[in-house]
Each structure stands twice: as C-alpha cells, then as structure tokens.
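What follows is a single structure, written as structure tokens, with notes after it.
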Amino acid sequence: MVLYMLGKIAQLEAALMLLPMACALIYGEKTVAISFLITIAISFVIGFLFTISGKKNDKTIYAKEGFIIVALTWIITSLLGALPFFISKEIPNYIDAFFETVSGFTTTGASILSDVEALPWGMLYWRSFTHWIGGMGVLVFLLAVGPGEGNKGFTMHLLRAESPGPSVGKLVPKMRKTAAILYVIYIGLTIINFLFLIAGRMPVIEAVCTALGTAGTGGFGIKNDSLASYSPYIQNVTTVFMILFGVNFSCYYLLLLRQFKGVFKDEELRLYFGIILTAI
C-alpha cells in the first residue's frame, strides 16, 4: 500500500517535469530538455513498478501509514528531482543537486549555487517550481486530482500529515474536495501574484519563477542579488504575497464563505500577523 502511493507520487512528479522540459524547449536548451526527458522516463518506470507491486494490497491508510508515506514522499521526490540538475551537468555533483532539490521541495531556500544566473531557464524554472510544489505538498495535489472517494487510500491522515498549519480539518465533507479547494486557492493566489509582477514590467519568465518561489515562501531567486536589482514595487509585491502565502489556507476558504468572525478568531492568524507587525 505504501509502495502503491509512492508509485503514484513518482508518476505525478514525472508529469510535473513536463512543464520545465517545455520551458527548456521554448528557450532552445536541448541538453536541459533531454535531461528532463530521461528523468521523466526513470520516474515513470519506478512509479509503474511501485504501483504494480502494491496494487493488489489493501489501500486503507491509517495515521501510521500516512506519516510514513509523507516522510518517504519527500525523500523519493528529492532523489528523482535532483536528476535533471545532475544529468545536465548544471550541478555536476549529485549530492549538491540533491541538497538543492531538498531545499526546494521543503521550501527551505538554502542554495549551494554561487552563480544562480548561470543556470538555463529550464533549470531556473524547475528550481522555483520545486518551491511551488512543496509549498502546498505534492500529496495534497494527489488528493485533489486522484481517484474519488471510493478509494479508501485518500484519507484525512495524509492531509493532516502534509498540509501547512498546525491544525487541519475538513473544509467540506468530502476529502478530495477539501484538497481541491486548497489547491484552487493556492493556484489563484499564484496567478494574482504573477499578474502584479507583470504590472511592474517584470519579464514573463522572471515573473513566473518569482511567483512560484514566492508561493512556496522559500525564497529561491533567479538573480544573484535576489530582488535587490528589481524596483521597489516588485520588492513590495513579493513581500506582501510572501506574507499572504504564509497564512493558513483554511482562513481564505472562510473568507470566501464570508465567515469573517471565524477568521478573526483564528489564534494562529492573529499571532502570525502580530509577530510581523511587531517585527516591522
């Protein structure tokens, strides 16, 4: 059952890598595109073998299995996610590539790169995209797009182990719809952030990468000086959206339902903004 879920995750990561591969092709980076293609093939094969080996087993997931799956998911996604950097030789040492990828998926933001601008656009996109994927969690995405409620594997335990925020509850009765709502809010905020950056005359590819990095609140930049060379407008937009993405997404759902009292009563939200205002 654990292998089955990990297999699905590997296949999902392979699908997500199609985006940076497309970016590399658009900018004529053939070597980078090939490295993604090889990684996609490897990830898909591993995913296929894992799902086949665990397909006939019980798919019921309890708290123990939920936490094990989440922990192993971060490891396998990082191991596979580091391959494009290593295969393309943009980061020749696999351990360095693995460190960079772990930093991306966990939205830590630490980097071994001394010259970020030397990376091709396909790699810069993937680097920022790991922040975006890790910001909400790849398992939450799988919950949102996976099979319906008939599959017992998609339970509260996965969402509780994966989602940001100290407390996670069902927003709606069906678990899959809860995950879908969280991701719709996440994607919506990312698009709005991108549009604000475009309004500040930021180049499209740079706006995409910056929005993805901001959404994950990790801080991977595409310039060696991070945001220092950009206008104060772009710096302020990024600051505001970094704060907004740090809010528990359940609060946004309550806002959409116009349950304003529930938002104001949220202790986590009040402490979060209290710390920010005090620091300012």
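Naming works like this for the structure tokens: A, B, ... for the chains as they're shown, residue 1 at the start of each chain, ligands 1 onward in shown order.
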
* All residues 10 Å or closer to range 18-30 of chain A, only C-alpha atoms, same chain fewer than 2 positions away omitted, as a ChimeraX atom specification -> /A:13-16,32-37,40,84,88,120-127,129,205

* Near-Gly47 in chain A list (8 Å; only C-alpha atoms; drop same-chain fewer than 5 positions) as number ranges by chain -> A: 6-11

* Grab the CA of Val2 in chain A to CA of Gly135 in chain A distance for me, in Å with one decimal place. => 22.6 Å

* Asked: So what do you get for CA of Ala180 in chain A versus CA of Leu255 in chain A, distance-wise?
  -> 16.6 Å

List as a Markdown table every residue of range 58-82 of chain A that is in contact with range 90-101 of chain A, defined as an atom at most 12 Å from one of its atoms (using only C-alpha atoms), together with the nearest atom pair and the distance in Å rounded to one decimal, sorted by chain and then rising number.
| residue | atom | partner | partner_atom | distance |
| --- | --- | --- | --- | --- |
| A:Trp74 | CA | A:Thr101 | CA | 10.1 |
| A:Ile75 | CA | A:Phe98 | CA | 9.8 |
| A:Ile76 | CA | A:Phe98 | CA | 10.7 |
| A:Thr77 | CA | A:Thr101 | CA | 8.7 |
| A:Ser78 | CA | A:Thr101 | CA | 5.6 |
| A:Leu79 | CA | A:Phe98 | CA | 6.4 |
| A:Leu80 | CA | A:Phe98 | CA | 8.7 |
| A:Gly81 | CA | A:Thr101 | CA | 6.2 |
| A:Ala82 | CA | A:Phe98 | CA | 5.0 |

* Structure fact -> Expressed in Å, the length from CA of Met5 in chain A to CA of Gly54 in chain A is 8.3 Å

* Structure fact -> The residue from A:Ile38, A:Val70, A:Ile198, A:Cys251 with the smallest atom-to-atom distance to Val138 in chain A, counting only C-alpha atoms, is A:Val70

* Quick one: everything within 8 Å of Asn193 in chain A, counting only C-alpha atoms, minus sequence neighbours fewer than 2 positions away in the same chain. Send it as a PyMOL selection string. => chain A and resi 189-191+195-197+211+237-238+241

Alpha helix (DSSP H) positions in range 231-262 of chain A, given as a short mmCIF file (atom, residue, chain, number, x, y, z; two decimals) with N, CA, C and O atoms, in the first residue's frame:
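Output (out_38.cif):
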data_model
loop_
_atom_site.label_atom_id
_atom_site.label_comp_id
_atom_site.auth_asym_id
_atom_site.auth_seq_id
_atom_site.Cartn_x
_atom_site.Cartn_y
_atom_site.Cartn_z
N PRO A 232 11.41 48.91 -6.34
CA PRO A 232 10.73 48.81 -5.03
C PRO A 232 9.32 48.24 -5.15
O PRO A 232 8.87 47.54 -4.25
N TYR A 233 8.64 48.51 -6.26
CA TYR A 233 7.30 47.96 -6.47
C TYR A 233 7.33 46.44 -6.46
O TYR A 233 6.54 45.80 -5.76
N ILE A 234 8.24 45.85 -7.22
CA ILE A 234 8.34 44.39 -7.30
C ILE A 234 8.75 43.81 -5.95
O ILE A 234 8.23 42.77 -5.52
N GLN A 235 9.65 44.49 -5.26
CA GLN A 235 10.08 44.03 -3.94
C GLN A 235 8.90 44.03 -2.96
O GLN A 235 8.71 43.09 -2.18
N ASN A 236 8.08 45.09 -3.02
CA ASN A 236 6.93 45.19 -2.11
C ASN A 236 5.84 44.17 -2.45
O ASN A 236 5.23 43.59 -1.55
N VAL A 237 5.61 43.96 -3.75
CA VAL A 237 4.64 42.95 -4.17
C VAL A 237 5.06 41.57 -3.65
O VAL A 237 4.24 40.82 -3.11
N THR A 238 6.33 41.26 -3.81
CA THR A 238 6.85 39.96 -3.35
C THR A 238 6.72 39.84 -1.83
O THR A 238 6.35 38.77 -1.31
N THR A 239 7.00 40.91 -1.12
CA THR A 239 6.90 40.90 0.34
C THR A 239 5.46 40.63 0.79
O THR A 239 5.21 39.77 1.65
N VAL A 240 4.52 41.34 0.20
CA VAL A 240 3.11 41.19 0.57
C VAL A 240 2.61 39.78 0.28
O VAL A 240 1.95 39.16 1.12
N PHE A 241 2.95 39.27 -0.91
CA PHE A 241 2.46 37.93 -1.26
C PHE A 241 3.18 36.84 -0.46
O PHE A 241 2.59 35.79 -0.19
N MET A 242 4.42 37.07 -0.07
CA MET A 242 5.11 36.11 0.79
C MET A 242 4.36 35.98 2.11
O MET A 242 4.19 34.88 2.66
N ILE A 243 3.87 37.12 2.62
CA ILE A 243 3.08 37.11 3.85
C ILE A 243 1.74 36.39 3.63
O ILE A 243 1.33 35.57 4.44
N LEU A 244 1.07 36.71 2.52
CA LEU A 244 -0.24 36.12 2.24
C LEU A 244 -0.15 34.60 2.08
O LEU A 244 -1.05 33.87 2.51
N PHE A 245 0.93 34.12 1.45
CA PHE A 245 1.08 32.67 1.27
C PHE A 245 1.42 31.96 2.58
O PHE A 245 1.31 30.74 2.66
N PHE A 249 -4.46 28.31 4.78
CA PHE A 249 -5.40 28.46 3.67
C PHE A 249 -6.85 28.22 4.08
O PHE A 249 -7.77 28.58 3.35
N SER A 250 -7.07 27.62 5.23
CA SER A 250 -8.43 27.46 5.73
C SER A 250 -9.07 28.82 5.97
O SER A 250 -10.28 28.99 5.82
N CYS A 251 -8.24 29.81 6.33
CA CYS A 251 -8.74 31.17 6.56
C CYS A 251 -9.27 31.79 5.27
O CYS A 251 -10.28 32.50 5.28
N TYR A 252 -8.60 31.52 4.16
CA TYR A 252 -9.06 32.04 2.88
C TYR A 252 -10.41 31.43 2.49
O TYR A 252 -11.27 32.11 1.92
N TYR A 253 -10.56 30.16 2.80
CA TYR A 253 -11.82 29.50 2.49
C TYR A 253 -12.95 30.11 3.31
O TYR A 253 -14.06 30.33 2.80
N LEU A 254 -12.68 30.42 4.57
CA LEU A 254 -13.68 31.06 5.42
C LEU A 254 -14.03 32.46 4.88
O LEU A 254 -15.18 32.88 4.95
N LEU A 255 -13.03 33.15 4.34
CA LEU A 255 -13.28 34.47 3.75
C LEU A 255 -14.20 34.36 2.53
O LEU A 255 -15.09 35.19 2.33
N LEU A 256 -13.96 33.31 1.73
CA LEU A 256 -14.81 33.10 0.56
C LEU A 256 -16.26 32.82 0.96
O LEU A 256 -17.20 33.19 0.24
N PHE A 260 -16.39 35.92 8.42
CA PHE A 260 -15.31 36.80 8.87
C PHE A 260 -14.98 36.61 10.36
O PHE A 260 -13.84 36.72 10.77
N LYS A 261 -16.00 36.30 11.15
CA LYS A 261 -15.76 36.10 12.58
C LYS A 261 -14.83 34.91 12.82
O LYS A 261 -13.97 34.95 13.70
N GLY A 262 -15.03 33.85 12.02
CA GLY A 262 -14.18 32.67 12.16
C GLY A 262 -12.73 32.98 11.85
O GLY A 262 -11.82 32.42 12.48
#

* **A:Asn248, A:Ser231, A:Gln259, A:Thr278 ranked by distance to Arg201 in chain A, top pick (using only C-alpha atoms)** =>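 Of the candidates, the smallest distance to Arg201 in chain A is held by A:Ser231.
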